[in-house]
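Participant: Just dropping this structure here.
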Amino acid sequence: MKKLVGTLLLIIVSFLLLRFQCEKQLTGPLLKGKLSVNGICANITITLVEGNLNPDQFESSWVDPVTGITHLKAFRLANPCQFPTHINQGDEFYFRVTTRVKENCATCLAYYPTPQTALAIRVE
């Protein structure tokens with residue numbers, strides 16, 4: 001009986017610790033972004049409109065070599081399979097940075113230039 005109680009307690013504590021860790025990966029400040037470039041095959045560039053990110057998480061200035069347009073505070077979307085399809089180029093939206101990247105969709109291999117810096121986000 002003592003072993004059973006100990007095992008159950010261990011399972012409950014493990015579950016709570018894992019749940020806390022997963023939630024931590026999904027939380028962060030609410031930021032406002034703009035879908036600046038919706039390139040072919042989910043080559044998406046987003047710019048930070050409002051909020052604070054670590055400067056290592058975006059490129060302060062990135063020039064799209066195809067259009068010559070300069071984008072400030074730009075980053076490449078690391079998880080395009082999770083990005084909502086109803087958001088169009090030029091639209092602004094709210095998001096949080098996440099460390100969880102679950103890519104299970106097919107994207108083609110065509111390339112459109114994007115910033116080097118990539119972030120996984122969750123649209124709110």
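Every chain in the structure tokens has a letter given in the order shown (A, B, ...), and although residue numbers restart at 1 in each chain, ligands are simply numbered from 1 in the order shown.
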Fewer than 4 positions away in the same chain doesn't count, so skip those; otherwise give me all residues within 10 Å of Val123 (chain A), counting only C-alpha atoms, as a list in words.
Facilitator: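 Here the qualifying residues turn out to be Leu30, Leu31, Lys32, Gly33, Gln82, Phe83, Pro84, Ile87, Phe93, Tyr94, Phe95, Arg96, Val97 and Thr98 of chain A.
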Participant: Print the selection's residues with N, CA and C atoms to a file, as a PDB file, in the first residue's frame.
Facilitator:
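Generated output (selection06.pdb):
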ATOM      1  N   LEU A  30       2.617  39.802 -24.759  1.00  0.00           N
ATOM      2  CA  LEU A  30       1.797  39.931 -25.959  1.00  0.00           C
ATOM      3  C   LEU A  30       2.428  41.003 -26.843  1.00  0.00           C
ATOM      4  N   LEU A  31       2.688  40.654 -28.082  1.00  0.00           N
ATOM      5  CA  LEU A  31       3.354  41.538 -29.031  1.00  0.00           C
ATOM      6  C   LEU A  31       2.451  41.758 -30.235  1.00  0.00           C
ATOM      7  N   LYS A  32       2.694  42.842 -30.945  1.00  0.00           N
ATOM      8  CA  LYS A  32       1.933  43.109 -32.161  1.00  0.00           C
ATOM      9  C   LYS A  32       2.883  43.021 -33.342  1.00  0.00           C
ATOM     10  N   GLY A  33       2.486  42.247 -34.330  1.00  0.00           N
ATOM     11  CA  GLY A  33       3.310  42.076 -35.512  1.00  0.00           C
ATOM     12  C   GLY A  33       2.543  42.367 -36.778  1.00  0.00           C
ATOM     13  N   GLN A  82       1.842  26.537 -38.376  1.00  0.00           N
ATOM     14  CA  GLN A  82       0.964  26.962 -37.295  1.00  0.00           C
ATOM     15  C   GLN A  82       0.376  28.354 -37.533  1.00  0.00           C
ATOM     16  N   PHE A  83       0.750  28.998 -38.610  1.00  0.00           N
ATOM     17  CA  PHE A  83       0.312  30.365 -38.870  1.00  0.00           C
ATOM     18  C   PHE A  83      -1.077  30.353 -39.500  1.00  0.00           C
ATOM     19  N   PRO A  84      -2.000  31.162 -38.975  1.00  0.00           N
ATOM     20  CA  PRO A  84      -3.369  31.175 -39.512  1.00  0.00           C
ATOM     21  C   PRO A  84      -3.426  31.618 -40.972  1.00  0.00           C
ATOM     22  N   ILE A  87      -4.761  35.402 -42.118  1.00  0.00           N
ATOM     23  CA  ILE A  87      -3.931  36.612 -42.023  1.00  0.00           C
ATOM     24  C   ILE A  87      -3.229  36.807 -43.363  1.00  0.00           C
ATOM     25  N   PHE A  93      -1.417  41.709 -36.320  1.00  0.00           N
ATOM     26  CA  PHE A  93      -1.997  40.702 -35.435  1.00  0.00           C
ATOM     27  C   PHE A  93      -1.188  40.658 -34.145  1.00  0.00           C
ATOM     28  N   TYR A  94      -1.766  40.033 -33.132  1.00  0.00           N
ATOM     29  CA  TYR A  94      -1.081  39.875 -31.845  1.00  0.00           C
ATOM     30  C   TYR A  94      -0.530  38.464 -31.738  1.00  0.00           C
ATOM     31  N   PHE A  95       0.628  38.351 -31.090  1.00  0.00           N
ATOM     32  CA  PHE A  95       1.272  37.047 -30.963  1.00  0.00           C
ATOM     33  C   PHE A  95       2.143  36.985 -29.718  1.00  0.00           C
ATOM     34  N   ARG A  96       2.545  35.778 -29.394  1.00  0.00           N
ATOM     35  CA  ARG A  96       3.523  35.513 -28.338  1.00  0.00           C
ATOM     36  C   ARG A  96       4.610  34.619 -28.935  1.00  0.00           C
ATOM     37  N   VAL A  97       5.837  34.803 -28.481  1.00  0.00           N
ATOM     38  CA  VAL A  97       6.943  33.942 -28.902  1.00  0.00           C
ATOM     39  C   VAL A  97       6.795  32.621 -28.156  1.00  0.00           C
ATOM     40  N   THR A  98       7.042  31.530 -28.836  1.00  0.00           N
ATOM     41  CA  THR A  98       6.961  30.212 -28.232  1.00  0.00           C
ATOM     42  C   THR A  98       8.196  29.400 -28.597  1.00  0.00           C
TER      43      THR A  98
END
Participant: Using only C-alpha atoms, which of the listed residues (A:Glu92, A:Asp56, A:Asp64, A:Glu50) sits closest to Tyr112 (chain A)?
Facilitator: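 Among the listed residues, A:Asp64 lies closest to Tyr112 (chain A).
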Participant: Excluding Val63 (chain A) and its own-chain neighbours fewer than 4 positions away, which residues fall within 10 Å of it when counting only C-alpha atoms? Please give them as a short mmCIF file (atom, residue, chain, number, x, y, z; two decimals) with C-alpha atoms, in the first residue's frame.
Facilitator:
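The new file out-v2.cif reads:
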data_model
loop_
_atom_site.label_atom_id
_atom_site.label_comp_id
_atom_site.auth_asym_id
_atom_site.auth_seq_id
_atom_site.Cartn_x
_atom_site.Cartn_y
_atom_site.Cartn_z
CA THR A 67 11.38 44.32 -53.92
CA GLY A 68 14.11 46.51 -52.43
CA ILE A 69 11.79 47.37 -49.51
CA THR A 70 13.41 47.78 -46.09
CA HIS A 71 11.64 46.10 -43.16
CA LEU A 72 12.46 47.15 -39.59
CA ALA A 74 12.01 41.73 -39.07
CA PRO A 113 14.25 35.46 -49.39
CA THR A 114 13.64 35.93 -45.67
CA PRO A 115 15.65 37.33 -42.76
#
Participant: For the atom pair CA of Gln89 (chain A) and CA of Leu77 (chain A), what is the interatomic distance in Å to one decimal place?
Facilitator: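 Atom-to-atom, CA of Gln89 (chain A) to CA of Leu77 (chain A), that is 13.3 Å.
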Participant: From the options A:Leu53, A:Val101, A:Asn38, A:Ser60, which residue's atoms come nearest to Ala78 (chain A), counting only C-alpha atoms?
Facilitator: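 Closest to Ala78 (chain A) of all the choices is A:Val101.
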Participant: What does the distance between CA of Val66 (chain A) and CA of Val37 (chain A) come to in Å, to one decimal place?
Facilitator: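 Atom-to-atom, CA of Val66 (chain A) and CA of Val37 (chain A) are spaced 10.8 Å apart.
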Participant: Need to verify the contact set: Gln116 (chain A), 8 Å, only C-alpha atoms, exclusion of same-chain residues closer than 3 positions in sequence. Can you return it as a ChimeraX atom specification?
Facilitator: /A:59,75-76
Participant: In terms of the shortest atom-to-atom distance over only C-alpha atoms, which of A:Ser61, A:Asn54, A:Arg122, A:Ala42 is closest to Ala106 (chain A)?
Facilitator: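 Of the candidates, the smallest distance to Ala106 (chain A) is held by A:Ala42.
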Participant: Return the single residue from A:Pro29, A:Gly90, A:Thr99, A:Thr107 that is closest to Gly51 (chain A), with distances computed using only C-alpha atoms.
Facilitator: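 Among A:Pro29, A:Gly90, A:Thr99, A:Thr107, it is A:Pro29 that comes nearest to Gly51 (chain A).
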Participant: Would you mind listing what lies within 10 Å of Cys108 (chain A) as a list of chain:residue names, with only C-alpha atoms counted and same-chain residues fewer than 6 positions away left out?
Facilitator: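 Near Cys108 (chain A), the qualifying residues are A:Ile40, A:Cys41, A:Ala42, A:Asn43.
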Participant: Please dump the current selection as a PDB file, in the first residue's frame; keep N, CA and C atoms.
Facilitator:
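See part.pdb below for the written result:
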ATOM      1  N   ILE A  40       6.335  32.869 -51.371  1.00  0.00           N
ATOM      2  CA  ILE A  40       5.942  31.557 -51.865  1.00  0.00           C
ATOM      3  C   ILE A  40       6.413  30.461 -50.910  1.00  0.00           C
ATOM      4  N   CYS A  41       5.624  29.420 -50.803  1.00  0.00           N
ATOM      5  CA  CYS A  41       5.954  28.223 -50.012  1.00  0.00           C
ATOM      6  C   CYS A  41       6.210  28.526 -48.535  1.00  0.00           C
ATOM      7  N   ALA A  42       5.395  29.384 -47.961  1.00  0.00           N
ATOM      8  CA  ALA A  42       5.450  29.697 -46.532  1.00  0.00           C
ATOM      9  C   ALA A  42       6.766  30.349 -46.103  1.00  0.00           C
ATOM     10  N   ASN A  43       7.409  31.066 -46.999  1.00  0.00           N
ATOM     11  CA  ASN A  43       8.579  31.867 -46.643  1.00  0.00           C
ATOM     12  C   ASN A  43       8.053  33.215 -46.157  1.00  0.00           C
TER      13      ASN A  43
END
